[in-house]
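File shown: my_file_5.cif. Contents: mmCIF, C-alpha atoms.
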```cif
data_data
#
loop_
_atom_site.label_atom_id
_atom_site.label_comp_id
_atom_site.auth_asym_id
_atom_site.auth_seq_id
_atom_site.Cartn_x
_atom_site.Cartn_y
_atom_site.Cartn_z
CA MET A 1 -9.76 21.13 16.92
CA THR A 2 -10.31 21.82 13.23
CA SER A 3 -13.05 20.10 11.32
CA THR A 4 -10.43 18.13 9.42
CA GLU A 5 -8.80 16.92 12.63
CA LYS A 6 -12.15 15.97 14.05
CA PHE A 7 -13.00 14.16 10.87
CA THR A 8 -9.71 12.31 10.90
CA GLU A 9 -10.16 11.34 14.52
CA GLU A 10 -13.42 9.70 13.61
CA LEU A 11 -11.65 7.41 11.19
CA THR A 12 -10.73 4.96 13.85
CA GLY A 13 -10.73 1.76 11.87
CA ILE A 14 -8.16 2.63 9.25
CA GLN A 15 -4.86 4.14 10.26
CA SER A 16 -2.89 6.49 8.06
CA ALA A 17 -0.06 3.98 8.21
CA ASP A 18 -2.26 1.39 6.51
CA ILE A 19 -2.98 3.82 3.71
CA GLU A 20 0.60 4.94 3.31
CA ALA A 21 1.71 1.32 3.18
CA ALA A 22 -0.81 0.65 0.43
CA LEU A 23 0.43 3.69 -1.49
CA ASP A 24 4.07 2.71 -1.24
CA PRO A 25 4.08 -1.02 -1.89
CA ALA A 26 7.26 -2.98 -2.23
CA GLU A 27 7.72 -4.73 -5.52
CA THR A 28 6.11 -8.14 -5.41
CA ASP A 29 8.26 -11.20 -5.76
CA GLY A 30 8.48 -12.30 -9.35
CA ILE A 31 7.02 -15.59 -10.48
CA TYR A 32 8.97 -16.90 -13.39
CA ARG A 33 7.55 -19.38 -15.84
CA ASP A 34 9.39 -22.48 -16.71
CA SER A 35 10.10 -23.33 -20.33
CA ARG A 36 7.41 -25.98 -20.66
CA GLU A 37 4.74 -23.58 -19.51
CA CYS A 38 6.07 -20.93 -21.85
CA ALA A 39 5.89 -23.32 -24.75
CA ALA A 40 2.32 -24.27 -23.92
CA LEU A 41 1.26 -20.64 -23.65
CA ALA A 42 3.09 -19.72 -26.82
CA LEU A 43 1.23 -22.44 -28.67
CA PHE A 44 -2.03 -21.25 -27.15
CA LYS A 45 -1.41 -17.58 -27.95
CA GLY A 46 1.05 -17.60 -30.76
CA GLY A 47 1.12 -13.85 -31.12
CA TYR A 48 2.76 -13.34 -27.77
CA GLY A 49 5.93 -15.28 -28.40
CA LEU A 50 8.25 -12.43 -27.61
CA LEU A 51 6.80 -11.76 -24.20
CA LEU A 52 6.47 -15.42 -23.37
CA SER A 53 10.07 -16.32 -23.91
CA PRO A 54 11.83 -17.52 -20.77
CA PRO A 55 13.58 -14.85 -18.74
CA THR A 56 17.25 -14.23 -18.97
CA PRO A 57 19.03 -16.35 -16.34
CA ARG A 58 19.73 -14.36 -13.25
CA PRO A 59 23.23 -14.30 -11.80
CA LYS A 60 23.75 -16.61 -8.89
CA LYS A 61 24.46 -15.09 -5.53
CA GLY A 62 27.67 -15.87 -3.75
CA MET B 1 4.08 -11.42 4.43
CA GLU B 2 0.93 -11.83 6.46
CA GLN B 3 -1.49 -8.95 6.18
CA SER B 4 -3.29 -7.41 9.09
CA GLY B 5 -7.08 -7.66 9.11
CA THR B 6 -7.36 -3.94 8.50
CA SER B 7 -4.95 -4.08 5.59
CA SER B 8 -6.84 -6.94 4.03
CA LEU B 9 -10.15 -5.14 4.45
CA LEU B 10 -8.68 -2.07 2.86
CA GLN B 11 -7.35 -4.00 -0.09
CA ASP B 12 -10.74 -5.60 -0.62
CA ALA B 13 -12.39 -2.19 -0.53
CA VAL B 14 -9.88 -0.80 -3.02
CA GLN B 15 -10.53 -3.71 -5.36
CA GLU B 16 -14.26 -3.18 -5.12
CA LEU B 17 -13.87 0.50 -5.86
CA ALA B 18 -11.55 -0.24 -8.77
CA SER B 19 -14.10 -2.69 -10.12
CA GLY B 20 -16.69 0.09 -10.12
CA VAL B 21 -14.30 2.37 -11.97
CA VAL B 22 -13.67 -0.30 -14.61
CA SER B 23 -17.41 -0.75 -15.09
CA ALA B 24 -17.83 2.98 -15.43
CA LEU B 25 -15.00 3.22 -17.95
CA ARG B 26 -16.56 0.45 -19.99
CA SER B 27 -20.08 1.80 -19.91
CA GLY B 28 -19.45 5.51 -19.61
CA ASP B 29 -21.70 5.51 -16.56
CA HIS B 30 -19.64 7.29 -13.94
CA ALA B 31 -22.38 6.88 -11.34
CA ARG B 32 -21.06 3.48 -10.44
CA ALA B 33 -17.50 4.53 -9.88
CA ALA B 34 -16.60 6.29 -6.66
CA ALA B 35 -20.06 6.71 -5.29
CA PRO B 36 -21.09 3.46 -3.66
CA ALA B 37 -24.27 3.34 -1.68
CA ALA B 38 -24.39 5.74 1.23
CA ALA B 39 -22.43 4.35 4.13
CA ASP B 40 -21.77 5.43 7.66
CA GLY B 41 -19.45 4.54 10.51
CA GLY B 42 -16.81 1.99 9.73
CA ALA B 43 -18.07 1.37 6.23
CA LYS B 44 -17.72 5.05 5.44
CA ASP B 45 -14.22 5.08 6.87
CA LEU B 46 -13.29 2.16 4.73
CA THR B 47 -14.75 3.74 1.61
CA LEU B 48 -12.85 6.96 2.18
CA ALA B 49 -9.64 5.07 2.79
CA ALA B 50 -10.20 3.07 -0.39
CA VAL B 51 -10.73 6.27 -2.36
CA ARG B 52 -7.49 7.64 -0.95
CA VAL B 53 -5.58 4.50 -1.94
CA LEU B 54 -7.06 4.35 -5.44
CA GLY B 55 -6.24 8.04 -5.64
CA ALA B 56 -7.01 10.16 -8.66
CA ASP B 57 -8.16 7.06 -10.53
CA ALA B 58 -11.25 7.00 -8.33
CA LEU B 59 -12.55 9.78 -10.58
CA LEU B 60 -10.94 8.48 -13.75
CA PRO B 61 -14.23 8.11 -15.65
CA SER B 62 -14.90 11.81 -15.16
CA THR B 63 -11.34 12.71 -16.06
CA LEU B 64 -10.98 10.54 -19.15
CA LEU B 65 -14.52 10.63 -20.45
CA ARG B 66 -15.04 14.25 -19.48
CA VAL B 67 -18.26 13.55 -17.70
CA PRO B 68 -18.94 15.74 -14.66
CA PRO B 69 -18.71 13.72 -11.44
CA LEU B 70 -21.75 13.27 -9.28
CA PRO B 71 -21.88 15.64 -6.30
CA ASP B 72 -21.70 12.77 -3.79
CA GLU B 73 -18.81 11.25 -5.67
CA LEU B 74 -16.91 14.52 -5.67
CA ALA B 75 -17.64 15.17 -2.01
CA ARG B 76 -16.36 11.76 -1.02
CA PHE B 77 -13.23 12.27 -3.06
CA ARG B 78 -12.61 15.62 -1.41
CA GLN B 79 -13.16 14.11 2.04
CA ALA B 80 -10.57 11.46 1.29
CA VAL B 81 -8.08 14.11 0.21
CA GLU B 82 -8.65 16.12 3.36
CA ALA B 83 -8.68 13.17 5.72
CA TYR B 84 -5.47 11.55 4.56
CA PRO B 85 -2.77 14.09 3.72
CA PRO B 86 0.78 12.75 3.45
CA GLY B 87 2.41 12.49 6.84
CA ALA B 88 5.78 13.94 7.68
CA GLY B 89 8.42 11.88 5.93
CA ALA B 90 5.87 10.11 3.76
CA ALA B 91 7.21 8.21 0.77
CA PRO B 92 7.30 10.12 -2.54
CA THR B 93 4.54 7.96 -3.98
CA VAL B 94 2.28 8.92 -1.07
CA ALA B 95 2.96 12.62 -1.61
CA TRP B 96 2.51 12.40 -5.37
CA SER B 97 -0.66 10.39 -5.05
CA HIS B 98 -2.09 13.11 -2.83
CA TRP B 99 -0.92 15.79 -5.25
CA ALA B 100 -2.62 13.94 -8.11
CA MET B 101 -5.88 13.88 -6.19
CA ARG B 102 -5.66 17.60 -5.49
CA ARG B 103 -4.90 18.21 -9.15
CA THR B 104 -7.99 16.19 -10.06
CA LEU B 105 -10.11 18.29 -7.73
CA ARG B 106 -8.78 21.42 -9.38
CA ARG B 107 -9.80 20.07 -12.76
CA LEU B 108 -13.22 18.80 -11.81
CA ASP B 109 -14.20 21.33 -9.15
CA PRO B 110 -12.24 24.47 -10.00
CA GLY B 111 -14.51 26.68 -7.98
CA ARG B 112 -13.29 25.12 -4.76
CA ALA B 113 -9.56 25.01 -5.43
CA ASP B 114 -7.57 25.55 -2.28
CA GLY B 115 -3.91 25.91 -1.50
CA PRO B 116 -0.93 26.07 -3.84
CA ASP B 117 -0.39 23.53 -6.60
CA GLU B 118 3.25 23.00 -5.71
CA GLU B 119 4.63 19.66 -6.84
CA PRO B 120 6.28 17.29 -4.37
CA ASP B 121 9.94 16.53 -4.75
CA ALA B 122 10.75 14.26 -7.69
CA THR B 123 14.48 13.87 -7.31
CA TRP B 124 14.07 10.30 -6.12
CA LEU B 125 13.42 9.30 -9.73
CA GLU B 126 16.63 10.86 -10.99
CA GLY B 127 19.13 8.13 -11.63
CA ALA B 128 16.71 5.41 -10.57
CA THR B 129 17.48 2.08 -12.19
CA TRP B 130 15.01 1.06 -14.86
CA PRO B 131 13.34 -1.61 -12.70
CA VAL B 132 12.92 0.88 -9.85
CA LEU B 133 11.71 3.58 -12.23
CA THR B 134 9.13 1.23 -13.71
CA HIS B 135 7.92 0.08 -10.32
CA GLN B 136 7.51 3.63 -9.06
CA LEU B 137 5.79 4.77 -12.26
CA ALA B 138 3.41 1.82 -12.07
CA VAL B 139 2.51 2.75 -8.49
CA LEU B 140 1.84 6.27 -9.75
CA ALA B 141 0.00 5.21 -12.90
CA ALA B 142 -2.85 7.55 -11.95
CA LEU B 143 -0.56 10.33 -13.15
CA ALA B 144 -0.39 8.79 -16.62
CA LEU B 145 -2.92 11.05 -18.26
CA PRO B 146 -2.88 12.85 -21.59
CA ASP B 147 -1.75 16.44 -21.17
CA GLU B 148 -0.55 15.81 -17.64
CA ASP B 149 2.53 17.92 -17.10
CA CYS B 150 4.36 17.16 -13.90
CA ALA B 151 7.84 16.10 -12.88
CA VAL B 152 6.91 12.41 -12.76
CA ALA B 153 5.48 12.52 -16.28
CA ARG B 154 8.58 14.33 -17.50
CA ALA B 155 10.82 11.71 -15.89
CA ALA B 156 8.87 9.00 -17.69
CA ALA B 157 9.03 10.88 -20.99
CA GLN B 158 12.80 11.01 -20.78
CA ARG B 159 13.16 7.24 -20.45
CA PRO B 160 10.73 5.44 -22.77
CA VAL B 161 13.13 2.59 -23.48
CA ASP B 162 13.69 1.99 -19.78
CA VAL B 163 9.94 1.91 -19.14
CA ALA B 164 9.57 -0.51 -22.07
CA ARG B 165 12.23 -2.75 -20.55
CA GLY B 166 10.44 -2.52 -17.23
CA PHE B 167 7.17 -3.49 -18.89
CA VAL B 168 8.69 -6.63 -20.35
CA ARG B 169 10.36 -7.45 -17.06
CA ALA B 170 7.07 -7.08 -15.22
CA VAL B 171 5.33 -9.38 -17.71
CA ARG B 172 8.04 -11.98 -17.34
CA ARG B 173 7.76 -11.76 -13.57
CA ARG B 174 3.98 -12.02 -13.84
CA ASP B 175 3.62 -8.81 -11.95
CA TRP B 176 0.46 -7.89 -13.79
CA ARG B 177 -0.24 -4.74 -11.81
CA GLN B 178 3.18 -3.34 -12.56
CA ALA B 179 2.93 -4.40 -16.19
CA ALA B 180 -0.47 -2.76 -16.57
CA GLY B 181 0.71 0.45 -14.94
CA ALA B 182 3.83 0.58 -17.07
CA GLY B 183 1.76 -0.18 -20.16
CA ARG B 184 -0.50 2.75 -19.35
CA TRP B 185 2.52 5.05 -19.18
CA LEU B 186 3.89 3.65 -22.44
CA THR B 187 0.74 4.61 -24.32
CA LEU B 188 1.65 8.23 -23.57
CA LEU B 189 5.36 8.16 -24.29
CA GLU B 190 7.18 9.05 -27.47
CA GLY B 191 10.04 6.84 -28.55
CA VAL B 192 8.73 3.49 -27.36
CA PRO B 193 10.41 0.76 -29.43
CA ARG B 194 7.94 -0.64 -31.96
CA THR B 195 9.42 -4.06 -31.37
CA LEU B 196 7.88 -4.00 -27.91
CA GLY B 197 4.48 -4.88 -29.34
CA LEU B 198 2.63 -2.81 -26.77
CA GLU B 199 -0.83 -3.60 -28.11
CA ASN B 200 -0.23 -7.34 -27.92
CA GLY B 201 1.46 -6.87 -24.59
CA LEU B 202 -1.56 -5.09 -23.13
CA ASP B 203 -3.82 -7.82 -24.51
CA PHE B 204 -1.63 -10.40 -22.82
CA VAL B 205 -1.60 -8.56 -19.50
CA GLU B 206 -5.37 -8.33 -19.61
CA LEU B 207 -5.69 -12.00 -20.50
CA MET B 208 -3.44 -13.10 -17.67
CA GLY B 209 -4.22 -10.54 -14.98
CA GLY B 210 -7.43 -8.86 -16.01
CA GLN B 211 -9.48 -10.57 -13.33
CA ASP B 212 -7.76 -8.23 -10.89
CA PRO B 213 -9.74 -4.96 -11.09
CA LEU B 214 -6.58 -2.94 -10.49
CA VAL B 215 -5.03 -4.51 -13.58
CA ALA B 216 -8.21 -4.14 -15.62
CA LEU B 217 -8.42 -0.47 -14.65
CA GLN B 218 -4.93 0.31 -15.94
CA VAL B 219 -5.42 -1.62 -19.16
CA ARG B 220 -8.74 0.08 -19.77
CA ALA B 221 -7.20 3.48 -19.08
CA ALA B 222 -4.39 2.68 -21.49
CA ARG B 223 -6.83 1.69 -24.21
CA LEU B 224 -8.96 4.80 -23.74
CA THR B 225 -5.86 6.96 -23.83
CA ARG B 226 -4.65 5.27 -26.97
CA ALA B 227 -8.05 5.62 -28.56
CA GLY B 228 -7.99 9.33 -27.82
CA ALA B 229 -10.88 9.42 -25.39
CA PHE B 230 -9.53 12.73 -24.22
CA VAL B 231 -9.81 14.41 -27.55
#
```

Once more with this new file: its structure as structure tokens, please.
Amino acid sequence: MTSTEKFTEELTGIQSADIEAALDPAETDGIYRDSRECAALALFKGGYGLLLSPPTPRPKKG
Amino acid sequence: MEQSGTSSLLQDAVQELASGVVSALRSGDHARAAAPAAADGGAKDLTLAAVRVLGADALLPSTLLRVPPLPDELARFRQAVEAYPPGAGAAPTVAWSHWAMRRTLRRLDPGRADGPDEEPDATWLEGATWPVLTHQLAVLAALALPDEDCAVARAAAQRPVDVARGFVRAVRRRDWRQAAGAGRWLTLLEGVPRTLGLENGLDFVELMGGQDPLVALQVRAARLTRAGAFV
């Protein structure tokens, strides 16, 4: 057994699968703001109006 | 999705490590970054795993600020690289993250370089839609370094408008980690539309998501890159 294998064997608490999952995360679900919240934020931080505009409507499924 | 206890512990450890990196980037004191108090047993395992997940960014203060890492810090980083190589069939981001760590070791500890510097396959980015490209680049934001020449960086350089679109999409979705990672890439790219308002965008991402150390780390890295900390 190589020193690396021995070392890895000692790492019993964390599995490689846990690490690989953390390194290859799925995209998180988006949280879209509604228009009222956008307006409030835009008033609060007027310089960010472009980014705070409501998202383009997404096509409906089906 | 419900997280396992191990996964949750790991995420907490990564956040704690990232928080140390952010502090080090702000203060220039790298001693607080990847070298937490000496640990053994399970705590050591967790620390190593956290270093592996944070990847090359665990030594970002040394890389960006050009401050030599502490010996313990470097040793722990190397242990994480050796303990967690990509498995067979690992996702590209896993392979590239490991490559980035090895590249960091070559930079910071050239006397102990080992093995070839062969890049992992990058064809998965070819033809990727702009949302997918942005997501993958954000996951690999540790590669967004000045003077970094690798296939992932070249793929990003070829599509600045797509990354800009992805940045805006991430902000609108409130995916602050993705937005911060994309923003970090954008600070390096030529041809980013000026109408994007990247500076304001990064401010906004920090305002909204900066309490997350992983977001704060990317924003801080972007600012240091933009300010020419490397020069």

Exercise. Name the residues that the PyMOL selection byres ((chain B) within 9 of (chain A)) picks from the file above, as a VMD selection string, using the file's chain letters and numbers.
Key: chain B and resid 6 to 7 10 to 11 41 to 42 44 to 46 49 to 50 52 to 55 79 82 to 87 90 to 94 97 132 135 to 136 139 to 140 168 to 175 178 196 to 197 200 to 201 204

Practice problem: Report the residues retrieved by the PyMOL selection byres ((chain B and resi 119) around 8) from the displayed file, expressed as JSON, numbers by chain. | Solution: {"B": [96, 99, 117, 118, 120, 121, 150, 151]}

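Each of B:Leu145, B:Ala138, B:Ala75, B:Val163 was compared to Ala56 of chain B using all atoms listed in the file, and B:Leu145 turns out to be the nearest.
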
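Here atom CA of Ala180 of chain B and atom CA of Arg165 of chain B stand 13.3 Å from one another.
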
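In terms of minimum interatomic distance to Phe167 of chain B, B:Leu202 ranks closest within B:Leu25, B:Ala43, B:Ala144, B:Leu202, counting all atoms listed in the file.
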
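As for atom CA of Ala157 of chain B and atom CA of Val192 of chain B, they are spaced 9.8 Å apart.
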
Exercise. Compile the contact shell of Leu108 of chain B as a list in words: residues with an atom at most 10 Å away, counting only C-alpha atoms, same-chain residues fewer than 5 positions apart removed.
Key: Leu59, Ser62, Thr63, Arg66, Val67, Pro68, Pro69, Leu74, Arg102, Arg103 and Ala113 of chain B

Practice problem: With the file shown as input, list the residues that the PyMOL selection byres ((chain B and resi 133) around 10) selects, as a ChimeraX atom specification. | Solution: /B:124-132,134-139,155-156,159,162-163,166,182

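The gap separating atom CA of Ala24 of chain B from atom CA of Glu206 of chain B is 17.3 Å, in Å to one decimal.
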
Taking the partial coordinates given, rebuild segment 198-218 of chain B to contain N, CA and C atoms; return it as a compact mmCIF listing (two decimals), in the frame of the given file.
```txt
# COMPACT_ATOMS: atom_id res chain seq x y z
N LEU B 198 3.41 -3.24 -27.94
CA LEU B 198 2.63 -2.81 -26.77
C LEU B 198 1.18 -3.27 -26.82
N GLU B 199 0.58 -3.20 -28.01
CA GLU B 199 -0.83 -3.60 -28.11
C GLU B 199 -1.00 -5.06 -27.71
N ASN B 200 -0.15 -5.92 -28.28
CA ASN B 200 -0.23 -7.34 -27.92
C ASN B 200 0.11 -7.54 -26.45
N GLY B 201 1.07 -6.75 -25.99
CA GLY B 201 1.46 -6.87 -24.59
C GLY B 201 0.31 -6.53 -23.65
N LEU B 202 -0.42 -5.46 -23.97
CA LEU B 202 -1.56 -5.09 -23.13
C LEU B 202 -2.64 -6.17 -23.19
N ASP B 203 -2.85 -6.73 -24.39
CA ASP B 203 -3.82 -7.82 -24.51
C ASP B 203 -3.41 -8.99 -23.60
N PHE B 204 -2.13 -9.27 -23.62
CA PHE B 204 -1.63 -10.40 -22.82
C PHE B 204 -1.79 -10.13 -21.32
N VAL B 205 -1.46 -8.92 -20.92
CA VAL B 205 -1.60 -8.56 -19.50
C VAL B 205 -3.06 -8.68 -19.08
N GLU B 206 -3.95 -8.24 -19.95
CA GLU B 206 -5.37 -8.33 -19.61
C GLU B 206 -5.83 -9.78 -19.55
N LEU B 207 -5.32 -10.58 -20.48
CA LEU B 207 -5.69 -12.00 -20.50
C LEU B 207 -5.23 -12.69 -19.21
N MET B 208 -4.02 -12.39 -18.81
CA MET B 208 -3.44 -13.10 -17.67
C MET B 208 -3.84 -12.50 -16.32
N GLY B 209 -3.97 -11.18 -16.28
CA GLY B 209 -4.22 -10.54 -14.98
C GLY B 209 -5.48 -9.73 -14.89
N GLY B 210 -6.27 -9.75 -15.93
CA GLY B 210 -7.43 -8.86 -16.01
C GLY B 210 -8.53 -9.15 -15.01
N GLN B 211 -8.46 -10.31 -14.35
CA GLN B 211 -9.48 -10.57 -13.33
C GLN B 211 -9.26 -9.73 -12.08
N ASP B 212 -8.06 -9.16 -11.97
CA ASP B 212 -7.76 -8.23 -10.89
C ASP B 212 -8.24 -6.85 -11.34
N PRO B 213 -9.20 -6.25 -10.63
CA PRO B 213 -9.74 -4.96 -11.09
C PRO B 213 -8.68 -3.88 -11.21
N LEU B 214 -7.62 -3.96 -10.41
CA LEU B 214 -6.58 -2.94 -10.49
C LEU B 214 -5.78 -3.07 -11.79
N VAL B 215 -5.67 -4.28 -12.28
CA VAL B 215 -5.03 -4.51 -13.58
C VAL B 215 -5.97 -4.05 -14.69
N ALA B 216 -7.22 -4.48 -14.59
CA ALA B 216 -8.21 -4.14 -15.62
C ALA B 216 -8.35 -2.62 -15.75
N LEU B 217 -8.28 -1.94 -14.62
CA LEU B 217 -8.42 -0.47 -14.65
C LEU B 217 -7.29 0.16 -15.48
N GLN B 218 -6.07 -0.29 -15.22
CA GLN B 218 -4.93 0.31 -15.94
C GLN B 218 -4.99 -0.01 -17.43
```
